Each structure stands twice: as structure tokens, then as C-alpha cells.
There are 2 protein chains.
Amino acid sequence: MDSELELIARLRAIVEDGALGAGPAEVVLASGDDAAVTVPPGATVTSVDSLVEGVHFRRETASLRSVGHKALASALSDLAAMGARPGEAYVQLGVPADLTDTDADELAAGLGACARATGVRVLGGDVTRAPVLWLGVTVVGHAASPEELVSRSGAVAGDAVIVTGELGGAAAGLRLLEDPALAESLSREDADGLRARQLEPEPRLAAGAALASAGASAMVDLSDGVAADAGHVAEASGVCLVVELEKLPLVPGLGELARAVGVDAAELAATGGEDYELLATLAPGDVDGAVRALHGVGSAPTIVGRVEVGSGLRLVDREGAERRDLRGFDQLRVQRSPYGHA
Amino acid sequence: MDSELELIARLRAIVEDGALGAGPAEVVLASGDDAAVTVPPGATVTSVDSLVEGVHFRRETASLRSVGHKALASALSDLAAMGARPGEAYVQLGVPADLTDTDADELAAGLGACARATGVRVLGGDVTRAPVLWLGVTVVGHAASPEELVSRSGAVAGDAVIVTGELGGAAAGLRLLEDPALAESLSREDADGLRARQLEPEPRLAAGAALASAGASAMVDLSDGVAADAGHVAEASGVCLVVELEKLPLVPGLGELARAVGVDAAELAATGGEDYELLATLAPGDVDGAVRALHGVGSAPTIVGRVEVGSGLRLVDREGAERRDLRGFDQLRVQRSPYGHA
């Protein structure tokens with residue numbers, strides 16, 4: 001292993017490799033000084049997120065490239081949920097003694113690839129020794145004004161509830177990684193797809209921006225699953241969200257896997273975290289425009305419920321009866337991030 | 001131990017307790033949503049820093065209140081070194097299984113006290129399980145424009161080199177904490193003072209702002225010691241910094257402790273990290289104004305050297321001969337943050 005100073009130089013070169021477009025904030029001073037200096041436009045959006053070895057990932061089942069990617073991607077998901085334009089990132093790295101130079105290069109390559117794919121500049125960081133590999137990521141996004149951004153607290157009775165993409169994939173992928181024999185119940189393509197949802201999630205930045213422009217009244221990213229995150233919107237907005245379990249869009253292969261483990265697929269989709277899709281509420285008159293805008297950025301939304309007067313989240317079945325005590329993948333209890341962000 | 005959701009609510013209440021003045025950035029949305037939203041003034045300054053149990057502190061010798069304080073204070077020191085006004089902070093917390101509710105409260109109390117003392121608002125964070133206690137802090141400062149800020153790269157030949165405060169205290173305090181019998185060579189007041197320098201450092205925010213206003217050409221905070229940090233200014237500025245060892249201001253008690261451990265006090269002061277004083281370079285015509293401005297904020301500066309044409313740092317003795325292979329506290333090698341920040 002290089003010395004820390006050599007390591008940081010290597011990481012910086014890899015993360016910053018490649019031409020980066022101009023972000024929403026002017027960068028006056030990047031890494032190498034006491035702090036980074038930027039001149040941001042009107043509103044700044046900031047979130048922090050952590051990935052800890054043994055808590056959020058295991059090196060036995062996740063490549064270091066995917067760990068680097070996921071650390072940045074999962075943090076950026078919070079910016080997507082505000083409808084913010086991604087700008088800068090700062091990375092705190094805890095390096096265990098057994099991390100080799102090749103390992104560090106892979107980690108940096110994953111971070112760098114995600115940064116380039118999303119137009120994010122990594123402006124600074126901190127490297128320290130640590131007992132396990134740990135990544136703490138700070139992401140900063142921007143908007144012309146706060147009014148362009150979408151919080152969790154604007155949902156009103158009568159709004160529709162929509163989600164982007166397909167759900168349950170990340171949790172199913174984790175289960176496959178931990179129990180590879182389960183892949184026998186799936187096509188190879190579906191199994192690969194589920195594992196990719198776990199290992200290399202994509203922050204829905206374009207979808208978030210489209211939803212914000214289309215007038216979304218509230219938005220949240222699905223880091224802990226609909227069953228948890230929709231409740232956050234209900235609580236912050238002081239309303240009741242009614243979500244129909246059968247309408248949740250299932251990721252390909254989830255049905256087969258659900259049968260193999262003997263759990264209802266919709267329950268897995270509702271409880272599975274780390275999909276990093278978005279859930280938004282929209283006034284009825286804004287739904288069509290939002291759906292068109294999402295299709296325009298390659299996202300296929302699904303209307304999964306409605307906002308009512310009341311409080312909390314009601315997950316209901318086809319007959320409108322509330323469902324409680326949903327069953328999910330037990331493994332998530334030890335691997336999933338314990339609670340929401342920022 | 002509370003659940004993570006209960007813990008974050010407790011921590012938030014403690015950290016945010018007390019009336020906070022309006023900071024330099026308007027805060028539109030604080031913790032509890034996907035991300036925080038601010039409207040900053042012209043320039044934003046960002047730095048990240050980490051404290052890891054077993055690397056930067058041990059719970060046997062540092063109270064959790066002091067750990068919480070130091071995590072924020074050491075991060076803020078980077079803002080001081082830019083001359084920025086402190087604004088917001090975000091805290092990532094890794095919580096080991098043996099951390100009790102009382103421990104968490106103490107940690108939060110230390111963080112909150114430092115935030116209140118410096119006018120910083122803690123706007124968000126992330127809590128996760130971890131094998132050891134770990135704090136990752138992101139600090140954000142502000143200035144009306146980038147031109148008000150001071151980087152490491154503006155020193156020019158002919159400038160004077162000054163430092164704030166007194167040096168060597170944090171390293172000496174760590175040595176006392178690790179080897180309590182050494183306190184017998186010191187007055188009780190000096191021993192307490194040295195330990196306080198290690199456990200509860202104060203970011204020199206007012207001094208940094210005063211130096212920036214007085215025209216400092218370059219500035220750095222002394223997190224790793226003059227022998228390392230002055231070299232960063234020399235390298236970034238493309239000049240040679242000549243620092244006279246005998247002129248380094250020694251913290252009270254350092255002389256006695258140096259005799260007890262058989263090391264030159266000036267060498268300890270030059271190599272000891274974590275003092276979080278500032279080193280700045282100033283054109284000769286700006287020195288008097290800077291000294292007055294520093295006295296005005298309760299800081300006693302010392303001129304310790306000069307900037308010359310050339311490269312690197314030259315630490316010289318009374319006769320002008322360069323000194324190499326300085327001896328410091330060996331213990332620092334395992335406890336000090338391995339390298340600089342952001």
C-alpha cells in the first residue's frame with residue numbers, strides 16, 4: 001500500500017480523469033488547498049451519505065468498482081429527489097490495512113465513472129486509516145432558486161402518487177449475491193439485472209429534474225423502500241398516502257424469485273430498499289405532463305396511489321383493505337442503510 | 001441503545017439546542033428532508049474531515065464530549081485557514097454497538113456546543129452502524145466573493161511568515177494523556193492547558209478572517225505542524241519558506257515537558273500537529289495592520305520567518321543553518337490524522 005499522500009494523488013488522478021463539462025457552479029479552487037471554493041447559482045442542495053464495509057456491503061460480494069460507484073450514486077439519489085442539478089462531491093475514505101493499491105484504483109475508478117456519468121466534479125476529500133473500508137460522500141447540487149426544488153412536505157389530498165422505474169431489484173439482487181443458488185430459479189438475464197440493481201444503482205437525476213419541472217408537489221427517493229419512504233412524505237406533508245400494493249411496478253425476475261423464497265412479490269417490492277427510484281406526488285392536472293416529461297428522459301412511471309386527508313401511509317390490496325406486517329428479504333435488515341439521509 | 005431513528009432524533013435535539021444566530025447563508029430547508037437547501041452569498045467554501053476511533057482518538061483518554069467538539073472544530077479550522085465565515089455543517093456518524101445513549105448524548109453535546117460557539121448550523125447528517133466510533137464532518141463557509149478568501153498559493157518572495165497563538169500544545173497534551181506520569185514535571189495549570197489543547201482545540205475563525213482582511217497572501221492551518229504545513233504553502237506558491245525554529249511560539253509547559261522527554265522544545269513545536277493555529281504570509285507593508293487586527297480579536301501573532309525565491313520549506317536555527325530530521329513525539333505517528341484536508 002502506498003503512503004497516504006501517494007494514495008490521495010493516485011485516487012485524485014483516477015477520479016478526476018477525463019474531461020468534465022462545466023457544472024452548475026463555478027469552481028474557483030479544487031482539491032489541494034485547505035478547502036474548495038465555488039460560486040454557486042441561487043440555491044444549494046447538500047446531502048451526506050455513508051457506505052460502511054460489513055454494514056452496507058461486503059467485499060466478498062461487491063467489487064470495489066461497484067462500491068465506489070454506489071457510494072456516489074446513492075448520495076446523488078438525494079439530489080435527484082429534490083430535483084436539483086448535481087454539481088460537486090467530496091469523499092471521505094477510511095482505508096483498512098488490507099486494501100491494496102489495485103483495490104484503491106478500482107474504488108477510485110468506480111467513483112470516477114459515476115462522477116463522469118452524472119457530470120459531478122469531485123472537489124475534495126479526506127483519507128484516513130480505518131478498521132474497515134468506509135466511504136463518506138457529500139454531494140452538492142444546485143438550482144436557480146429554492147422554488148425550483150421539491151421537498152417531502154408539499155403533498156396535498158387529491159394528488160396522485162407515482163413512482164419511476166421498477167422496484168424490488170436491489171433487494172432481490174442482494175439476496176442473489178448472498179445466496180447464489182437462488183439464481184437457478186431465474187433466467188441468466190434477469191439474475192444479472194437484479195444483481196446490477198444492487199451493485200450499480202443509477203441516481204434518477206433526469207427523472208427528478210423532469211418531475212420538479214412538471215410540478216411535483218412532494219418527492220422522495222426510494223432508498224429504504226416504498227413502505228418506509230412513502231411514509232416520510234405522508235408525515236412531512238401531514239397527509240395520508242394510499243399506495244396499492246398490486247400497482248407497484250415489479251422488476252423482471254422478482255416474481256420468480258418471490259416464488260422461490262415463498263414471499264409475495266409485491267411485498268418484496270414494497271419493502272426492498274436501495275432501488276433509488278423516485279416517488280412523487282402530483283396534482284391531477286400535472287400527471288399527464290409529468291408522465292410525458294419522464295418518458296422524454298427514458299423513465300417509465302407508474303401511478304401507484306393517491307393522497308388523502310389523514311396521516312401516515314396506507315398500503316392496500318386490490319380490495320382496498322390495509323396490509324400490515326409485510327414480509328421482505330430478511331437479509332436486508334443487516335445490510336440496508338439503517339435510516340434516511342440528510 | 002436506541003434505534004437509529006430514535007438516536008437521530010435525540011442527536012438532532014441536542015445538537016440544535018439553543019438559539020442560533022442567522023448565518024451567512026439563508027437556510028431554506030434543514031434536516032429531515034432528502035437534502036438541505038440553502039441560498040448562499042457569493043462564494044462557498046467546503047471542506048471535509050474525519051475522526052476515527054483508534055486512529056485519531058481513544059475513548060480511554062478523550063471524553064465523548066471532547067470528541068464531538070474536536071470533530072467539528074478541526075473541520076472548521078480549514079474554513080479559518082481560508083478566511084471564510086462559517087455557515088453550515090453536516091455530520092456522518094458511525095455508531096459502534098457499545099455506544100450507550102449517554103455516550104451519544106455527550107457526543108452530541110460536544111458537537112452542539114462547538115456549533116453554538118462558532119455560529120454554525122448543523123443542517124443534516126447520516127447515522128449508520130460501524131465497527132468503531134467515527135465522525136465525518138462536512139463544513140461549509142461563505143464569503144461575499146472568492147477574492148476575499150486566502151488560498152495556500154499566493155505567497156511571494158519578500159513576504160513575512162507569521163503564526164497565531166502558541167505551538168506544540170496539542171501534541172504535548174496527547175503525550176500527557178498517553179503517559180500521565182509525565183505531568184509530574186509540570187505545573188497543574190500547564191498540564192491542564194496542554195491536555196485541553198489536544199482535546200478541545202479552537203478553530204481560529206476570527207483570526208483567519210482578520211488575516212484575510214489584512215491582506216494575507218497565503219494561509220494554512222497548522223493541523224500537521226509547521227514542519228509539514230509550511231511546506232504545503234511553499235509548494236503551492238512556488239516559493240521557499242524560511243522558518244526560524246527559535247522563533248516558534250512555545251505553549252506554556254512545553255519547555256518542561258521537552259526536558260522530561262529529552263527532546264528540543266522547538267522541534268516539538270515544529271512537528272506537533274493538531275494545534276489548529278494559522279500560518280500566514282504577508283507583504284511587509286501589511287504586517288503591522290495584520291498584527292493589530294489579530295490583537296483586536298484576542299490573538300497574539302508571532303513573526304517566525306520570511307518568504308524567499310526558491311522552493312520548499314527551510315527550518316533554520318539561530319545561525320541560519322538548516323535543520324533536518326527534527327524529533328517530535330513518536331506517539332503522534334499513530335494518533336495524528338495522516339494527511340491534510342480537502
# chains A, B, ... in the order shown; residues from 1 in each chain; ligands from 1
>>> interface_residues(of="chain A", to="chain B", cutoff="8 Å", atoms="only C-alpha atoms", output="count of residues only")
55
>>> residues_around(residues="A:Val304", least_positions_apart="2", cutoff="9 Å", atoms="only C-alpha atoms", output="number ranges by chain")
A: 160-163, 242-249, 302, 306
>>> atom_distance(atom1="atom CA of A:Thr164", atom2="atom CA of A:Ser299")
6.4 Å
>>> closest_residue(among="B:Leu133, B:Ala115, B:Val226, B:Glu60", to="B:Ala97", atoms="only C-alpha atoms")
B:Leu133
>>> atom_distance(atom1="atom CA of A:Thr61", atom2="atom CA of A:Thr118")
25.1 Å
>>> select_by_dssp(residues="stretch 81-156 of chain B", states="strand (DSSP E or B)", output="VMD selection string")
chain B and resid 85 to 95 121 to 129 134 to 143
>>> atom_distance(atom1="atom CA of A:Leu199", atom2="atom CA of A:Ser63")
8.3 Å
>>> residues_around(residues="stretch 102-114 of chain B", least_positions_apart="6", cutoff="7 Å", atoms="only C-alpha atoms", output="PyMOL selection string")
chain B and resi 11+14-16+64-69+72-73
>>> residues_around(residues="B:Gly154", least_positions_apart="6", cutoff="10 Å", atoms="only C-alpha atoms", output="VMD selection string")
chain B and resid 216 to 219 233 to 234 236 to 239 281 to 282
>>> write_last_selection(atoms="N, CA, C and O atoms", output="CSV table (one decimal), in the first residue's frame")
chain,number,residue,atom,x,y,z
B,216,ALA,N,-3.5,39.0,3.9
B,216,ALA,CA,-2.6,37.8,3.8
B,216,ALA,C,-2.5,37.3,2.4
B,216,ALA,O,-3.5,37.1,1.7
B,217,SER,N,-1.3,36.9,2.0
B,217,SER,CA,-1.1,36.5,0.6
B,217,SER,C,-1.3,34.9,0.5
B,217,SER,O,-1.7,34.4,-0.6
B,218,ALA,N,-1.1,34.2,1.6
B,218,ALA,CA,-1.4,32.8,1.6
B,218,ALA,C,-1.6,32.4,3.1
B,218,ALA,O,-1.2,33.1,4.0
B,219,MET,N,-2.3,31.3,3.3
B,219,MET,CA,-2.7,30.9,4.7
B,219,MET,C,-2.9,29.4,4.7
B,219,MET,O,-3.4,28.8,3.7
B,233,VAL,N,2.4,25.4,1.8
B,233,VAL,CA,2.3,26.8,1.3
B,233,VAL,C,3.5,27.0,0.3
B,233,VAL,O,3.3,27.6,-0.8
B,234,ALA,N,4.7,26.6,0.7
B,234,ALA,CA,5.8,26.8,-0.2
B,234,ALA,C,5.6,26.1,-1.6
B,234,ALA,O,5.8,26.7,-2.6
B,236,ALA,N,2.6,25.1,-2.9
B,236,ALA,CA,1.5,25.7,-3.7
B,236,ALA,C,1.9,27.0,-4.3
B,236,ALA,O,1.4,27.4,-5.3
B,237,SER,N,2.7,27.8,-3.6
B,237,SER,CA,3.1,29.1,-4.0
B,237,SER,C,4.3,29.2,-4.9
B,237,SER,O,4.6,30.2,-5.5
B,238,GLY,N,5.0,28.1,-5.0
B,238,GLY,CA,6.3,28.1,-5.8
B,238,GLY,C,7.3,29.0,-5.2
B,238,GLY,O,8.0,29.7,-6.0
B,239,VAL,N,7.5,29.0,-3.9
B,239,VAL,CA,8.5,29.8,-3.2
B,239,VAL,C,9.2,29.0,-2.2
B,239,VAL,O,8.8,27.8,-1.9
B,281,THR,N,1.2,34.2,5.3
B,281,THR,CA,2.3,35.1,4.7
B,281,THR,C,1.7,36.4,4.4
B,281,THR,O,0.5,36.5,4.0
B,282,LEU,N,2.5,37.5,4.6
B,282,LEU,CA,2.0,38.9,4.4
B,282,LEU,C,3.1,39.7,3.8
B,282,LEU,O,4.3,39.6,4.2
>>> select_by_dssp(residues="stretch 78-272 of chain A", states="helix (DSSP H, G or I)", output="PyMOL selection string")
chain A and resi 78-80+101-118+146-148+169-178+180-185+188-199+205-213+226-237+245-247+254-261+265-271
>>> closest_residue(among="A:Gly119, A:Gly320, A:Gly285, A:Pro24", to="A:Ala214", atoms="only C-alpha atoms")
A:Gly285
>>> decode(residues="stretch 179-201 of chain A", atoms="N, CA, C and O atoms", output="tab-separated table (two decimals), in the first residue's frame")
chain	number	residue	atom	x	y	z
A	179	ASP	N	-26.96	-15.59	-1.67
A	179	ASP	CA	-27.44	-16.97	-1.80
A	179	ASP	C	-27.49	-17.33	-3.29
A	179	ASP	O	-28.56	-17.41	-3.90
A	180	PRO	N	-26.30	-17.56	-3.90
A	180	PRO	CA	-26.22	-17.69	-5.36
A	180	PRO	C	-27.08	-18.82	-5.92
A	180	PRO	O	-27.51	-18.74	-7.08
A	181	ALA	N	-27.38	-19.85	-5.14
A	181	ALA	CA	-28.17	-20.96	-5.67
A	181	ALA	C	-29.56	-20.51	-6.10
A	181	ALA	O	-30.19	-21.14	-6.96
A	182	LEU	N	-30.04	-19.41	-5.52
A	182	LEU	CA	-31.37	-18.91	-5.90
A	182	LEU	C	-31.43	-18.50	-7.37
A	182	LEU	O	-32.52	-18.44	-7.96
A	183	ALA	N	-30.28	-18.23	-7.97
A	183	ALA	CA	-30.28	-17.80	-9.38
A	183	ALA	C	-30.81	-18.90	-10.29
A	183	ALA	O	-31.22	-18.62	-11.42
A	184	GLU	N	-30.82	-20.13	-9.80
A	184	GLU	CA	-31.30	-21.23	-10.64
A	184	GLU	C	-32.78	-21.06	-10.98
A	184	GLU	O	-33.26	-21.63	-11.96
A	185	SER	N	-33.52	-20.30	-10.19
A	185	SER	CA	-34.94	-20.11	-10.47
A	185	SER	C	-35.17	-18.98	-11.48
A	185	SER	O	-36.31	-18.67	-11.81
A	186	LEU	N	-34.09	-18.37	-11.97
A	186	LEU	CA	-34.22	-17.19	-12.84
A	186	LEU	C	-33.49	-17.39	-14.16
A	186	LEU	O	-32.57	-18.19	-14.24
A	187	SER	N	-33.91	-16.61	-15.16
A	187	SER	CA	-33.11	-16.56	-16.38
A	187	SER	C	-31.80	-15.84	-16.03
A	187	SER	O	-31.73	-15.03	-15.10
A	188	ARG	N	-30.77	-16.13	-16.83
A	188	ARG	CA	-29.49	-15.51	-16.57
A	188	ARG	C	-29.60	-13.98	-16.70
A	188	ARG	O	-29.01	-13.24	-15.92
A	189	GLU	N	-30.36	-13.55	-17.68
A	189	GLU	CA	-30.51	-12.11	-17.92
A	189	GLU	C	-31.16	-11.43	-16.71
A	189	GLU	O	-30.72	-10.37	-16.25
A	190	ASP	N	-32.22	-12.05	-16.19
A	190	ASP	CA	-32.89	-11.46	-15.03
A	190	ASP	C	-31.98	-11.46	-13.80
A	190	ASP	O	-31.94	-10.47	-13.04
A	191	ALA	N	-31.25	-12.55	-13.60
A	191	ALA	CA	-30.36	-12.62	-12.44
A	191	ALA	C	-29.29	-11.54	-12.52
A	191	ALA	O	-28.99	-10.85	-11.53
A	192	ASP	N	-28.71	-11.37	-13.71
A	192	ASP	CA	-27.70	-10.32	-13.89
A	192	ASP	C	-28.31	-8.94	-13.63
A	192	ASP	O	-27.69	-8.08	-13.01
A	193	GLY	N	-29.54	-8.76	-14.12
A	193	GLY	CA	-30.20	-7.48	-13.94
A	193	GLY	C	-30.45	-7.16	-12.47
A	193	GLY	O	-30.25	-6.03	-12.02
A	194	LEU	N	-30.86	-8.16	-11.71
A	194	LEU	CA	-31.13	-7.94	-10.28
A	194	LEU	C	-29.84	-7.61	-9.54
A	194	LEU	O	-29.81	-6.69	-8.71
A	195	ARG	N	-28.79	-8.35	-9.82
A	195	ARG	CA	-27.52	-8.06	-9.15
A	195	ARG	C	-27.02	-6.65	-9.50
A	195	ARG	O	-26.48	-5.95	-8.64
A	196	ALA	N	-27.23	-6.26	-10.75
A	196	ALA	CA	-26.80	-4.90	-11.15
A	196	ALA	C	-27.58	-3.83	-10.39
A	196	ALA	O	-27.04	-2.76	-10.06
A	197	ARG	N	-28.86	-4.11	-10.13
A	197	ARG	CA	-29.64	-3.13	-9.37
A	197	ARG	C	-29.07	-2.94	-7.96
A	197	ARG	O	-29.13	-1.86	-7.38
A	198	GLN	N	-28.55	-4.02	-7.37
A	198	GLN	CA	-27.92	-3.94	-6.05
A	198	GLN	C	-26.56	-3.26	-6.12
A	198	GLN	O	-26.22	-2.41	-5.30
A	199	LEU	N	-25.76	-3.64	-7.11
A	199	LEU	CA	-24.36	-3.24	-7.10
A	199	LEU	C	-24.11	-1.89	-7.76
A	199	LEU	O	-23.20	-1.17	-7.34
A	200	GLU	N	-24.89	-1.57	-8.78
A	200	GLU	CA	-24.61	-0.33	-9.50
A	200	GLU	C	-25.89	0.47	-9.73
A	200	GLU	O	-26.31	0.67	-10.88
A	201	PRO	N	-26.50	0.94	-8.67
A	201	PRO	CA	-27.73	1.73	-8.83
A	201	PRO	C	-27.45	3.03	-9.56
A	201	PRO	O	-26.35	3.57	-9.50
